[in-house]
Structure formats: structure tokens, C-alpha cells
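What follows is protein-v4.tsv (TSV, C-alpha atoms and all ligand atoms).
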chain	number	residue	atom	x	y	z
A	225	MET	CA	134.88	87.97	104.35
A	226	ALA	CA	131.80	89.65	105.75
A	227	LEU	CA	129.95	92.25	103.79
A	228	GLN	CA	128.37	93.54	106.94
A	229	GLU	CA	128.02	97.27	107.19
A	230	THR	CA	129.11	98.93	110.37
A	231	PRO	CA	127.09	101.94	111.46
A	232	PRO	CA	129.34	105.00	111.81
A	233	ASN	CA	128.25	105.71	115.35
A	234	GLY	CA	128.84	102.37	116.98
A	235	ARG	CA	126.39	99.54	117.42
A	236	SER	CA	123.68	101.03	119.57
A	237	PRO	CA	121.40	103.03	117.27
A	238	PRO	CA	119.30	105.68	118.97
A	239	ARG	CA	115.91	104.27	119.80
A	240	PRO	CA	112.99	106.33	121.05
A	241	SER	CA	111.68	104.33	123.97
A	242	GLY	CA	108.37	103.15	122.64
A	243	ARG	CA	106.46	106.41	122.86
A	244	LYS	CA	105.29	106.23	119.27
A	245	THR	CA	104.18	102.65	119.61
A	246	SER	CA	102.10	103.23	122.70
A	247	ALA	CA	100.52	106.26	121.09
A	248	ALA	CA	99.53	104.22	118.07
A	249	PHE	CA	97.68	101.64	120.12
A	250	PRO	CA	95.02	103.15	122.32
A	251	ASN	CA	93.89	101.41	125.46
A	252	CYS	CA	90.42	100.00	125.75
A	253	PRO	CA	88.16	102.42	127.63
A	254	GLN	CA	86.38	99.48	129.25
A	255	CYS	CA	89.16	97.25	130.53
A	256	GLU	CA	92.28	99.28	129.72
A	257	ARG	CA	93.87	96.56	127.71
A	258	ARG	CA	95.87	97.64	124.72
A	259	MET	CA	93.80	97.43	121.61
A	260	THR	CA	94.90	95.84	118.37
A	261	ILE	CA	94.43	97.05	114.82
A	262	LYS	CA	91.40	95.48	113.21
A	263	GLN	CA	91.15	97.45	110.01
A	264	VAL	CA	92.93	100.19	108.13
A	265	ALA	CA	91.11	102.13	105.44
A	266	PRO	CA	92.20	105.21	103.54
A	267	VAL	CA	90.21	108.38	104.15
A	268	LEU	CA	88.36	109.31	100.99
A	269	PHE	CA	88.88	113.03	101.04
A	270	ALA	CA	92.39	113.14	102.41
A	271	SER	CA	95.07	111.21	100.61
A	272	ASN	CA	97.52	111.21	103.50
A	273	LEU	CA	95.12	110.00	106.17
A	274	ASP	CA	94.07	106.53	107.22
A	275	ASP	CA	91.09	105.52	109.28
A	276	VAL	CA	92.33	102.88	111.67
A	277	THR	CA	89.86	100.73	113.54
A	278	TYR	CA	91.17	99.30	116.79
A	279	GLY	CA	89.54	96.49	118.66
A	280	CYS	CA	89.84	95.10	122.15
A	281	GLU	CA	90.37	91.36	122.14
A	282	LYS	CA	88.87	91.00	125.57
A	283	CYS	CA	85.57	92.85	125.43
A	284	GLY	CA	85.25	93.63	121.73
A	285	THR	CA	85.10	97.38	122.06
A	286	GLU	CA	86.09	99.15	118.88
A	287	ALA	CA	87.69	102.55	118.52
A	288	LYS	CA	88.42	104.49	115.39
A	289	ARG	CA	91.34	106.84	114.97
A	290	THR	CA	92.37	108.87	111.99
A	291	VAL	CA	96.11	108.77	111.59
A	292	THR	CA	98.46	110.56	109.26
A	293	ARG	CA	100.15	108.27	106.81
A	294	ALA	CA	103.92	108.67	106.78
B	301	ZN	ZN	88.23	95.88	126.47
Is it possible to give me this structure as C-alpha cells?
Ligand SMILES: [Zn+2]
Amino acid sequence: MALQETPPNGRSPPRPSGRKTSAAFPNCPQCERRMTIKQVAPVLFASNLDDVTYGCEKCGTEAKRTVTRA
């Protein structure tokens, strides 16, 4: 007896093809590698914003983006 839930619309849920993900990780301006998140800090004067620091693992370049918190 499985308690598994079956989604009403079959078993292939709609999936946006990675556009959000690639937008969230900027490429390194130096070597065009995808950067990784190094630090996330809330913005002091805006409760729904985060300052995200990205870093390139190859050359160490850092980039800061302010993103809206969901
Ligand atoms: Zn780099």
C-alpha cells in the first residue's frame, strides 16, 4: 500500500529550463567561469533584499549582486 501522491497532470511537472538558475549565478568577467555564492547578507535598509557575494573559484574575482528575497 503506497501512500504516494500522484500529481493530477501526469508525471512530468513543468520545469523552466534553467533560466532562473543561470541568471542567479553570474559568469566571471575575467575567465567566464560560472561564479559560486560566497556570502549572503541581508540589506540593512530593505527587508526583502539580500546582498549576495559571488566568487570565481579559478581567479578569485568577486562580484556583488543585490537580489530580491522570495
Ligand atoms: Zn575567474
### Task
Could you tell me which of A:Tyr278, A:Gln254, A:Phe249, A:Ala294 comes closest to ligand ZN 301 (chain B) if we count only C-alpha atoms and all ligand atoms?
A:Gln254
### Task
Within 9 Å of ligand ZN 301 (chain B), which residues show up when you count all atoms listed in the file? List them as a PyMOL selection string, please.
chain A and resi 251-259+279-286
### Message
Between CA of Arg293 in chain A and CA of Thr260 in chain A, what distance in Å does the model show, to one decimal?
### Response
17.8 Å
### Message
So the first atom is CA of Arg289 in chain A and the second is CA of Asp274 in chain A; what is the distance between them in Å, to one decimal place?
### Response
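Interatomic distance, CA of Arg289 in chain A to CA of Asp274 in chain A: 8.2 Å.
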### Message
So that I can see what lies close to Val267 in chain A, please list as number ranges by chain the residues with an atom at most 10 Å from it, counting all atoms listed in the file and leaving out residues fewer than 5 positions away in the same chain.
### Response
A: 272-276, 290-292
